[in-house]
file entry_29.csv (CSV, C-alpha atoms and all ligand atoms)
chain,number,residue,atom,x,y,z
A,11,MET,CA,95.4,75.5,77.4
A,12,ASN,CA,94.2,78.3,79.7
A,13,LEU,CA,91.5,80.5,78.2
A,14,ILE,CA,89.4,83.5,79.2
A,15,PHE,CA,86.0,84.2,77.6
A,16,LEU,CA,85.1,87.9,77.7
A,17,GLY,CA,82.0,89.7,76.6
A,18,ALA,CA,78.9,91.6,77.7
A,19,PRO,CA,76.3,89.8,79.7
A,20,GLY,CA,74.2,87.8,77.3
A,21,ALA,CA,76.8,87.8,74.5
A,22,GLY,CA,77.0,84.0,74.7
A,23,LYS,CA,80.3,83.5,76.3
A,24,GLY,CA,79.0,80.9,78.7
A,25,THR,CA,77.5,78.9,75.9
A,26,GLN,CA,80.8,79.0,73.9
A,27,ALA,CA,82.8,78.2,77.1
A,28,GLU,CA,80.8,75.1,77.6
A,29,ILE,CA,81.1,73.9,74.0
A,30,VAL,CA,84.9,74.4,74.1
A,31,SER,CA,85.1,72.8,77.5
A,32,GLU,CA,83.6,69.6,76.1
A,33,LYS,CA,85.6,69.6,72.9
A,34,PHE,CA,89.0,70.2,74.6
A,35,ASN,CA,88.1,68.3,77.7
A,36,ILE,CA,89.0,71.1,80.1
A,37,PRO,CA,86.7,72.5,82.8
A,38,ALA,CA,84.7,75.7,82.2
A,39,VAL,CA,84.8,77.8,85.4
A,40,SER,CA,81.9,80.2,85.6
A,41,THR,CA,82.1,82.6,88.6
A,42,GLY,CA,78.4,83.5,87.9
A,43,ASN,CA,77.5,79.8,88.4
A,44,ILE,CA,79.6,79.4,91.5
A,45,ILE,CA,78.0,82.5,93.0
A,46,ARG,CA,74.5,81.4,92.1
A,47,GLU,CA,75.1,78.0,93.6
A,48,ALA,CA,76.4,79.6,96.8
A,49,MET,CA,73.3,81.9,96.9
A,50,LYS,CA,71.0,78.9,96.4
A,51,ASN,CA,72.8,77.0,99.3
A,52,GLY,CA,72.7,80.1,101.5
A,53,THR,CA,76.4,80.0,102.3
A,54,GLU,CA,78.1,83.0,103.9
A,55,MET,CA,79.7,84.0,100.5
A,56,GLY,CA,76.3,83.5,98.8
A,57,THR,CA,74.5,85.7,101.2
A,58,LYS,CA,77.2,88.4,100.9
A,59,ALA,CA,77.1,88.2,97.1
A,60,GLN,CA,73.3,88.2,96.7
A,61,GLU,CA,72.8,92.0,97.3
A,62,PHE,CA,75.3,92.8,94.5
A,63,VAL,CA,74.1,90.3,92.0
A,64,GLN,CA,70.4,91.3,92.3
A,65,LYS,CA,71.2,94.9,91.7
A,66,GLY,CA,73.3,94.1,88.7
A,67,GLU,CA,76.5,95.1,90.4
A,68,LEU,CA,79.7,93.3,90.6
A,69,VAL,CA,80.6,91.2,93.6
A,70,PRO,CA,83.6,92.7,95.3
A,71,ASP,CA,87.0,91.8,93.8
A,72,GLU,CA,88.4,90.1,96.9
A,73,VAL,CA,85.4,87.7,97.0
A,74,VAL,CA,85.6,86.6,93.4
A,75,ILE,CA,89.4,86.4,93.5
A,76,GLY,CA,89.1,84.1,96.5
A,77,ILE,CA,86.6,81.9,94.6
A,78,ILE,CA,88.9,81.6,91.6
A,79,LYS,CA,92.0,80.9,93.7
A,80,GLU,CA,90.2,77.9,95.3
A,81,ARG,CA,88.7,76.7,92.1
A,82,LEU,CA,91.9,76.8,90.0
A,83,ALA,CA,93.7,74.9,92.8
A,84,GLU,CA,91.5,71.8,92.1
A,85,SER,CA,93.1,69.0,90.2
A,86,ASP,CA,90.8,69.1,87.2
A,87,CYS,CA,92.3,72.5,86.3
A,88,ALA,CA,95.8,71.2,86.1
A,89,ASN,CA,95.7,70.6,82.3
A,90,GLY,CA,94.0,73.8,81.4
A,91,PHE,CA,90.7,75.6,82.0
A,92,ILE,CA,88.3,78.2,80.6
A,93,LEU,CA,87.4,81.2,82.7
A,94,ASP,CA,83.8,82.3,81.9
A,95,GLY,CA,83.0,85.6,83.5
A,96,PHE,CA,86.3,86.2,85.2
A,97,PRO,CA,88.2,88.5,85.2
A,98,ARG,CA,85.6,91.3,85.0
A,99,THR,CA,87.8,94.1,86.3
A,100,ILE,CA,91.5,95.1,85.9
A,101,PRO,CA,92.3,94.2,89.6
A,102,GLN,CA,90.9,90.8,88.9
A,103,ALA,CA,93.1,90.4,85.8
A,104,GLU,CA,96.1,91.6,87.9
A,105,ALA,CA,95.3,89.0,90.6
A,106,LEU,CA,95.6,86.2,88.0
A,107,ILE,CA,99.1,87.5,87.1
A,108,GLU,CA,100.0,87.6,90.8
A,109,MET,CA,98.8,84.1,91.2
A,110,GLY,CA,101.2,83.1,88.4
A,111,VAL,CA,98.4,81.9,86.1
A,112,LYS,CA,99.4,82.0,82.5
A,113,ILE,CA,96.7,82.8,80.0
A,114,ASP,CA,97.1,81.6,76.4
A,115,LYS,CA,94.2,83.3,74.7
A,116,VAL,CA,91.4,85.7,75.5
A,117,ILE,CA,88.3,85.2,73.4
A,118,ASP,CA,86.1,88.4,73.3
A,119,ILE,CA,82.6,87.8,72.0
A,120,GLU,CA,81.2,91.1,70.8
A,121,VAL,CA,77.5,91.8,70.5
A,122,PRO,CA,76.1,95.3,70.1
A,123,ASP,CA,74.1,96.7,73.0
A,124,GLU,CA,70.9,96.8,71.0
A,125,LYS,CA,71.0,93.0,70.6
A,126,ILE,CA,71.8,92.3,74.2
A,127,ALA,CA,68.4,93.3,75.6
A,128,GLU,CA,66.7,91.0,73.2
A,129,ARG,CA,69.0,88.1,74.0
A,130,MET,CA,68.6,88.5,77.7
A,131,SER,CA,64.8,88.6,77.6
A,132,GLY,CA,64.8,85.2,76.0
A,133,ARG,CA,67.3,83.6,78.4
A,134,ARG,CA,66.0,80.9,80.7
A,135,VAL,CA,68.0,79.0,83.3
A,136,CYS,CA,67.7,75.9,85.3
A,137,PRO,CA,67.4,76.7,89.1
A,138,GLN,CA,68.6,73.2,89.9
A,139,CYS,CA,71.7,72.6,87.9
A,140,GLY,CA,72.5,76.1,86.4
A,141,ALA,CA,72.2,75.1,82.8
A,142,SER,CA,71.4,78.1,80.5
A,143,TYR,CA,69.0,78.2,77.5
A,144,HIS,CA,67.4,80.7,75.2
A,145,ILE,CA,63.8,80.5,73.9
A,146,GLU,CA,65.0,81.1,70.3
A,147,TYR,CA,68.8,80.5,70.0
A,148,LYS,CA,69.3,77.6,72.4
A,149,LYS,CA,66.1,75.8,72.9
A,150,PRO,CA,65.8,73.0,75.4
A,151,LYS,CA,64.5,69.7,73.9
A,152,LYS,CA,61.2,70.1,75.8
A,153,GLU,CA,59.9,73.7,76.2
A,154,GLY,CA,60.5,75.1,79.6
A,155,ILE,CA,62.3,72.0,80.9
A,156,CYS,CA,66.0,71.5,81.6
A,157,ASN,CA,67.7,68.9,79.3
A,158,SER,CA,70.1,67.7,81.9
A,159,CYS,CA,67.9,67.4,85.0
A,160,GLY,CA,64.3,67.9,84.0
A,161,SER,CA,63.6,70.9,86.3
A,162,GLU,CA,61.4,73.7,85.2
A,163,LEU,CA,63.3,76.6,83.7
A,164,ILE,CA,63.0,80.1,85.2
A,165,ILE,CA,64.1,83.7,84.3
A,166,ARG,CA,67.0,84.9,86.4
A,167,LYS,CA,66.1,87.8,88.6
A,168,ASP,CA,69.0,89.8,87.3
A,169,ASP,CA,67.9,89.2,83.7
A,170,LYS,CA,64.9,91.5,84.1
A,171,PRO,CA,65.2,94.5,81.7
A,172,GLU,CA,65.8,97.1,84.4
A,173,VAL,CA,68.7,95.2,85.9
A,174,VAL,CA,70.1,94.3,82.5
A,175,LEU,CA,70.7,98.0,81.7
A,176,ASP,CA,72.6,98.3,85.0
A,177,ARG,CA,74.7,95.2,84.1
A,178,LEU,CA,75.5,96.6,80.7
A,179,ASN,CA,76.6,99.9,82.3
A,180,VAL,CA,78.8,97.9,84.7
A,181,TYR,CA,80.2,96.0,81.7
A,182,HIS,CA,81.2,99.1,79.8
A,183,THR,CA,82.8,100.9,82.7
A,184,GLN,CA,84.5,98.1,84.6
A,185,THR,CA,85.0,95.1,82.3
A,186,GLU,CA,85.5,96.6,78.8
A,187,PRO,CA,88.9,98.1,79.8
A,188,LEU,CA,90.1,94.4,79.9
A,189,ILE,CA,89.9,94.4,76.1
A,190,SER,CA,92.8,96.8,75.7
A,191,PHE,CA,94.6,95.2,78.7
A,192,TYR,CA,94.7,91.9,76.9
A,193,LYS,CA,95.2,93.4,73.4
A,194,GLU,CA,98.4,95.0,74.7
A,195,LYS,CA,99.5,91.6,75.8
A,196,GLY,CA,98.9,90.2,72.3
A,197,ILE,CA,96.6,87.4,73.4
A,198,LEU,CA,93.2,88.9,72.5
A,199,VAL,CA,91.0,87.5,69.8
A,200,GLU,CA,87.9,89.4,68.9
A,201,ILE,CA,84.9,87.5,67.6
A,202,GLU,CA,81.6,88.9,66.3
A,203,GLY,CA,78.8,87.1,68.1
A,204,GLN,CA,76.4,85.5,65.4
A,205,GLU,CA,72.7,84.9,65.5
A,206,GLU,CA,73.2,81.1,65.4
A,207,VAL,CA,75.2,79.6,68.2
A,208,ALA,CA,76.9,77.2,65.8
A,209,ASP,CA,78.2,80.1,63.7
A,210,THR,CA,79.8,81.7,66.7
A,211,THR,CA,81.2,78.3,67.7
A,212,ALA,CA,82.8,78.0,64.2
A,213,LEU,CA,84.5,81.4,64.7
A,214,THR,CA,85.6,80.4,68.2
A,215,LEU,CA,87.2,77.2,67.2
A,216,LYS,CA,88.9,78.9,64.3
A,217,ALA,CA,90.3,81.4,66.8
A,218,LEU,CA,91.6,78.5,68.9
A,219,GLY,CA,93.6,77.2,66.0
A,220,GLY,CA,91.7,74.9,63.7
A,221,ASN,CA,88.7,72.6,64.0
A,222,ALA,CA,90.0,70.4,66.9
B,1,LIG,P1,76.3,86.7,82.5
B,1,LIG,O1,76.2,85.2,82.1
B,1,LIG,O2,75.1,87.4,82.2
B,1,LIG,O3,77.6,87.2,81.9
B,1,LIG,P2,77.2,85.8,85.1
B,1,LIG,O4,76.4,84.6,85.3
B,1,LIG,O5,78.6,85.6,84.6
B,1,LIG,O6,76.5,86.8,84.0
B,1,LIG,O7,77.3,86.7,86.4
B,1,LIG,C1,76.2,87.1,87.1
B,1,LIG,C2,76.5,88.0,88.2
B,1,LIG,O8,77.4,87.4,89.1
B,1,LIG,C3,77.2,89.3,87.8
B,1,LIG,O9,76.2,90.3,87.3
B,1,LIG,C4,77.9,89.7,89.0
B,1,LIG,O10,77.0,90.3,90.0
B,1,LIG,C5,78.4,88.4,89.6
B,1,LIG,N1,79.7,88.0,89.1
B,1,LIG,C6,80.0,87.0,88.3
B,1,LIG,N2,81.3,87.0,87.9
B,1,LIG,C7,81.9,88.1,88.6
B,1,LIG,C8,83.2,88.6,88.6
B,1,LIG,N3,84.2,88.1,88.0
B,1,LIG,N4,83.4,89.7,89.4
B,1,LIG,C9,82.3,90.3,90.0
B,1,LIG,N5,81.1,89.9,90.0
B,1,LIG,C10,80.8,88.7,89.3
B,2,ZN,ZN,68.9,71.4,85.1

call {"tool": "encode", "arguments": {"input": "entry_29.csv", "output": "structure tokens", "more": "lines below"}}
Ligand code: ADP
Ligand code: ZN
result
Amino acid sequence: MNLIFLGAPGAGKGTQAEIVSEKFNIPAVSTGNIIREAMKNGTEMGTKAQEFVQKGELVPDEVVIGIIKERLAESDCANGFILDGFPRTIPQAEALIEMGVKIDKVIDIEVPDEKIAERMSGRRVCPQCGASYHIEYKKPKKEGICNSCGSELIIRKDDKPEVVLDRLNVYHTQTEPLISFYKEKGILVEIEGQEEVADTTALTLKALGGNA
């Protein structure tokens, strides 16, 4: 099963992608995580991407398309995958088609803009392993500490309120057109993001055909 998770920044697509990844035993591929890892390691791609990410802008299409091409060629993607945060533009979606990648379903998690700012302000991430938390909706077991690796959680630079507004703008102008793009293909499922992660998960699993 090849899936795409769409949604505004902070809508919870990454969280849902991870849950579905574990349940269906297929990898969740997050372009945001791959880019942050490259930035942390100071690779050429990371350095190139950094200026865009920190301003809340999209990294150029050819860069992310290259990332996805490489990642989907890895053997763990052979039995299916979940794309989290890709595509984010129409050219990126078209690149998938050109690559011959067949998408079964696109899950669009919708959260009104007013709620996004609140969600983003509570988001905390692990600088070491990239795990993502929320101080209210997805608490770590121990406050301020990553469940998986024990590192101290931080606020992402691009989660600061002024950058969040820019990211929301980018989402509406560049990413939202993908909703009609996939609707026309008949593979879009729209889900209303709920307060509780588990409630959104229930809707997501239902959309994927039962309670697998
Ligand atoms: P969120 O979890 O808030 O949706 P991500 O972690 O997916 O954000 O992405 C963080 C940043 O990485 C984006 O604001 C953008 O700069 C860059 N990025 C991630 N995926 C893409 C993509 N498909 N195209 C362009 N830029 C991307
Ligand atoms: Zn961690």

call {"tool": "residues_around", "arguments": {"input": "entry_29.csv", "residues": "Thr57 (chain A)", "least_positions_apart": "5", "cutoff": "9 Å", "atoms": "only C-alpha atoms", "output": "list of chain:residue names"}}
result
A:Ala48, A:Met49, A:Gly52

call {"tool": "closest_residue", "arguments": {"input": "entry_29.csv", "among": "A:Leu93, A:Ala217, A:Ala105, A:Cys136", "to": "ligand ZN 2 (chain B)", "atoms": "only C-alpha atoms and all ligand atoms"}}
result
A:Cys136

call {"tool": "residues_around", "arguments": {"input": "entry_29.csv", "residues": "Leu188 (chain A)", "least_positions_apart": "2", "cutoff": "8 Å", "atoms": "only C-alpha atoms", "output": "ChimeraX atom specification"}}
result
/A:98-100,103,185-186,190-192

call {"tool": "closest_residue", "arguments": {"input": "entry_29.csv", "among": "A:Ala88, A:Val121, A:Ala141, A:Met11", "to": "ligand ZN 2 (chain B)", "atoms": "all atoms listed in the file"}}
result
A:Ala141

call {"tool": "residues_near_ligand", "arguments": {"input": "entry_29.csv", "ligand": "ligand ZN 2 (chain B)", "cutoff": "8 Å", "atoms": "all atoms listed in the file", "output": "PyMOL selection string"}}
result
chain A and resi 135-141+155-163

call {"tool": "write_last_selection", "arguments": {"input": "entry_29.csv", "atoms": "C-alpha atoms", "output": "short mmCIF file (atom, residue, chain, number, x, y, z; two decimals), keeping the file's coordinate frame"}}
result
data_model
loop_
_atom_site.label_atom_id
_atom_site.label_comp_id
_atom_site.auth_asym_id
_atom_site.auth_seq_id
_atom_site.Cartn_x
_atom_site.Cartn_y
_atom_site.Cartn_z
CA VAL A 135 68.00 79.00 83.30
CA CYS A 136 67.70 75.90 85.30
CA PRO A 137 67.40 76.70 89.10
CA GLN A 138 68.60 73.20 89.90
CA CYS A 139 71.70 72.60 87.90
CA GLY A 140 72.50 76.10 86.40
CA ALA A 141 72.20 75.10 82.80
CA ILE A 155 62.30 72.00 80.90
CA CYS A 156 66.00 71.50 81.60
CA ASN A 157 67.70 68.90 79.30
CA SER A 158 70.10 67.70 81.90
CA CYS A 159 67.90 67.40 85.00
CA GLY A 160 64.30 67.90 84.00
CA SER A 161 63.60 70.90 86.30
CA GLU A 162 61.40 73.70 85.20
CA LEU A 163 63.30 76.60 83.70
#

call {"tool": "closest_residue", "arguments": {"input": "entry_29.csv", "among": "A:Gly203, A:Pro101, A:Gly20, A:Gly42", "to": "Gln184 (chain A)", "atoms": "only C-alpha atoms"}}
result
A:Pro101

call {"tool": "closest_residue", "arguments": {"input": "entry_29.csv", "among": "A:Asp86, A:Ile14, A:Pro37, A:Val174", "to": "Leu106 (chain A)", "atoms": "all atoms listed in the file"}}
result
A:Ile14

call {"tool": "residues_near_ligand", "arguments": {"input": "entry_29.csv", "ligand": "ligand LIG 1 (chain B)", "cutoff": "6 Å", "atoms": "all atoms listed in the file", "output": "PyMOL selection string"}}
result
chain A and resi 19-20+41-43+62-63+66-70+74+95-98

call {"tool": "residues_near_point", "arguments": {"input": "entry_29.csv", "point": "(103.7, 91.4, 77.8)", "cutoff": "12 Å", "atoms": "all atoms listed in the file", "output": "list of chain:residue names"}}
result
A:Ile107, A:Lys112, A:Ile113, A:Asp114, A:Phe191, A:Tyr192, A:Lys193, A:Glu194, A:Lys195, A:Gly196, A:Ile197

call {"tool": "closest_residue", "arguments": {"input": "entry_29.csv", "among": "A:Pro150, A:Lys65, A:Asp123, A:Thr210", "to": "Lys170 (chain A)", "atoms": "only C-alpha atoms"}}
result
A:Lys65

call {"tool": "closest_atom_pairs", "arguments": {"input": "entry_29.csv", "of": "region 129-161 of chain A", "to": "region 22-32 of chain A", "cutoff": "12 Å", "atoms": "all atoms listed in the file", "output": "Markdown table"}}
result
| residue | atom | partner | partner_atom | distance |
| --- | --- | --- | --- | --- |
| A:Arg129 | CA | A:Gly22 | CA | 9.0 |
| A:Met130 | CA | A:Gly22 | CA | 10.0 |
| A:Arg133 | CA | A:Gly22 | CA | 10.4 |
| A:Gly140 | CA | A:Gly24 | CA | 11.2 |
| A:Ala141 | CA | A:Thr25 | CA | 9.5 |
| A:Ser142 | CA | A:Thr25 | CA | 7.7 |
| A:Tyr143 | CA | A:Thr25 | CA | 8.7 |
| A:His144 | CA | A:Gly22 | CA | 10.2 |
| A:Tyr147 | CA | A:Gly22 | CA | 10.1 |
| A:Lys148 | CA | A:Thr25 | CA | 9.0 |

call {"tool": "write_last_selection", "arguments": {"input": "entry_29.csv", "atoms": "C-alpha atoms", "output": "PDB file, in the coordinates of the input"}}
result
ATOM      1  CA  ARG A 129      69.000  88.100  74.000  1.00  0.00           C
ATOM      2  CA  MET A 130      68.600  88.500  77.700  1.00  0.00           C
ATOM      3  CA  ARG A 133      67.300  83.600  78.400  1.00  0.00           C
ATOM      4  CA  GLY A 140      72.500  76.100  86.400  1.00  0.00           C
ATOM      5  CA  ALA A 141      72.200  75.100  82.800  1.00  0.00           C
ATOM      6  CA  SER A 142      71.400  78.100  80.500  1.00  0.00           C
ATOM      7  CA  TYR A 143      69.000  78.200  77.500  1.00  0.00           C
ATOM      8  CA  HIS A 144      67.400  80.700  75.200  1.00  0.00           C
ATOM      9  CA  TYR A 147      68.800  80.500  70.000  1.00  0.00           C
ATOM     10  CA  LYS A 148      69.300  77.600  72.400  1.00  0.00           C
TER      11      LYS A 148
END

call {"tool": "closest_residue", "arguments": {"input": "entry_29.csv", "among": "A:Leu175, A:Glu146, A:Arg166, A:Val199", "to": "Thr214 (chain A)", "atoms": "only C-alpha atoms"}}
result
A:Val199

call {"tool": "atom_distance", "arguments": {"input": "entry_29.csv", "atom1": "CA of Glu200 (chain A)", "atom2": "CA of Glu120 (chain A)"}}
result
7.2 Å

call {"tool": "atom_distance", "arguments": {"input": "entry_29.csv", "atom1": "CA of Ile189 (chain A)", "atom2": "CA of Thr211 (chain A)"}}
result
20.1 Å

call {"tool": "atom_distance", "arguments": {"input": "entry_29.csv", "atom1": "CA of Lys167 (chain A)", "atom2": "CA of Glu61 (chain A)"}}
result
11.8 Å

call {"tool": "residues_around", "arguments": {"input": "entry_29.csv", "residues": "Val73 (chain A)", "least_positions_apart": "2", "cutoff": "10 Å", "atoms": "all atoms listed in the file", "output": "list in words"}}
result
Ile45, Met55, Lys58, Ala59, Val69, Pro70, Asp71, Ile75, Gly76, Ile77 and Ile78 of chain A

call {"tool": "decode", "arguments": {"input": "entry_29.csv", "residues": "region 53-64 of chain A", "atoms": "all heavy atoms", "output": "short mmCIF file (atom, residue, chain, number, x, y, z; two decimals), in the first residue's frame"}}
result
data_model
loop_
_atom_site.label_atom_id
_atom_site.label_comp_id
_atom_site.auth_asym_id
_atom_site.auth_seq_id
_atom_site.Cartn_x
_atom_site.Cartn_y
_atom_site.Cartn_z
N THR A 53 25.47 18.32 5.71
CA THR A 53 25.76 17.86 4.34
C THR A 53 25.49 19.00 3.36
O THR A 53 24.89 20.01 3.72
CB THR A 53 24.87 16.67 3.94
OG1 THR A 53 23.52 17.14 3.83
CG2 THR A 53 24.92 15.55 4.97
N GLU A 54 25.89 18.80 2.11
CA GLU A 54 25.71 19.82 1.10
C GLU A 54 24.22 20.13 0.93
O GLU A 54 23.80 21.30 0.90
CB GLU A 54 26.31 19.32 -0.22
CG GLU A 54 26.54 20.44 -1.21
CD GLU A 54 26.97 19.90 -2.57
OE1 GLU A 54 27.65 18.85 -2.62
OE2 GLU A 54 26.61 20.53 -3.58
N MET A 55 23.42 19.07 0.84
CA MET A 55 21.98 19.27 0.70
C MET A 55 21.40 20.01 1.92
O MET A 55 20.60 20.92 1.79
CB MET A 55 21.30 17.90 0.52
CG MET A 55 19.82 17.94 0.24
SD MET A 55 18.80 17.94 1.72
CE MET A 55 18.81 16.18 2.10
N GLY A 56 21.87 19.62 3.10
CA GLY A 56 21.38 20.23 4.34
C GLY A 56 21.66 21.72 4.39
O GLY A 56 20.82 22.53 4.75
N THR A 57 22.87 22.07 3.99
CA THR A 57 23.27 23.48 4.00
C THR A 57 22.43 24.27 3.00
O THR A 57 21.99 25.38 3.29
CB THR A 57 24.77 23.60 3.62
OG1 THR A 57 25.49 22.60 4.35
CG2 THR A 57 25.32 24.96 3.95
N LYS A 58 22.17 23.66 1.86
CA LYS A 58 21.36 24.30 0.82
C LYS A 58 19.92 24.49 1.32
O LYS A 58 19.30 25.52 1.08
CB LYS A 58 21.36 23.38 -0.41
CG LYS A 58 21.22 24.08 -1.73
CD LYS A 58 21.65 23.10 -2.83
CE LYS A 58 20.87 23.31 -4.11
NZ LYS A 58 21.10 22.22 -5.07
N ALA A 59 19.40 23.48 2.01
CA ALA A 59 18.01 23.51 2.44
C ALA A 59 17.77 24.48 3.60
O ALA A 59 16.70 25.08 3.71
CB ALA A 59 17.57 22.09 2.86
N GLN A 60 18.78 24.63 4.44
CA GLN A 60 18.62 25.36 5.69
C GLN A 60 17.99 26.75 5.56
O GLN A 60 17.08 27.11 6.30
CB GLN A 60 19.99 25.49 6.37
CG GLN A 60 19.91 26.13 7.75
CD GLN A 60 20.91 25.49 8.70
OE1 GLN A 60 21.32 24.35 8.50
NE2 GLN A 60 21.28 26.21 9.73
N GLU A 61 18.47 27.52 4.58
CA GLU A 61 17.97 28.89 4.45
C GLU A 61 16.47 28.92 4.14
O GLU A 61 15.75 29.80 4.61
CB GLU A 61 18.74 29.66 3.36
CG GLU A 61 18.77 28.92 2.04
CD GLU A 61 19.39 29.75 0.92
OE1 GLU A 61 19.06 30.94 0.80
OE2 GLU A 61 20.20 29.19 0.14
N PHE A 62 16.00 27.93 3.39
CA PHE A 62 14.57 27.88 3.07
C PHE A 62 13.76 27.46 4.28
O PHE A 62 12.77 28.08 4.63
CB PHE A 62 14.32 26.91 1.92
CG PHE A 62 15.01 27.29 0.63
CD1 PHE A 62 16.22 26.71 0.28
CD2 PHE A 62 14.45 28.24 -0.20
CE1 PHE A 62 16.87 27.07 -0.90
CE2 PHE A 62 15.09 28.61 -1.38
CZ PHE A 62 16.29 28.03 -1.73
N VAL A 63 14.20 26.39 4.93
CA VAL A 63 13.48 25.84 6.08
C VAL A 63 13.32 26.90 7.17
O VAL A 63 12.24 27.09 7.72
CB VAL A 63 14.20 24.60 6.65
CG1 VAL A 63 13.53 24.12 7.92
CG2 VAL A 63 14.24 23.49 5.61
N GLN A 64 14.40 27.61 7.47
CA GLN A 64 14.35 28.57 8.58
C GLN A 64 13.46 29.76 8.29
O GLN A 64 12.97 30.42 9.19
CB GLN A 64 15.76 28.99 8.96
CG GLN A 64 16.47 27.80 9.62
CD GLN A 64 17.82 28.16 10.20
OE1 GLN A 64 18.36 29.23 9.94
NE2 GLN A 64 18.37 27.25 10.99
#
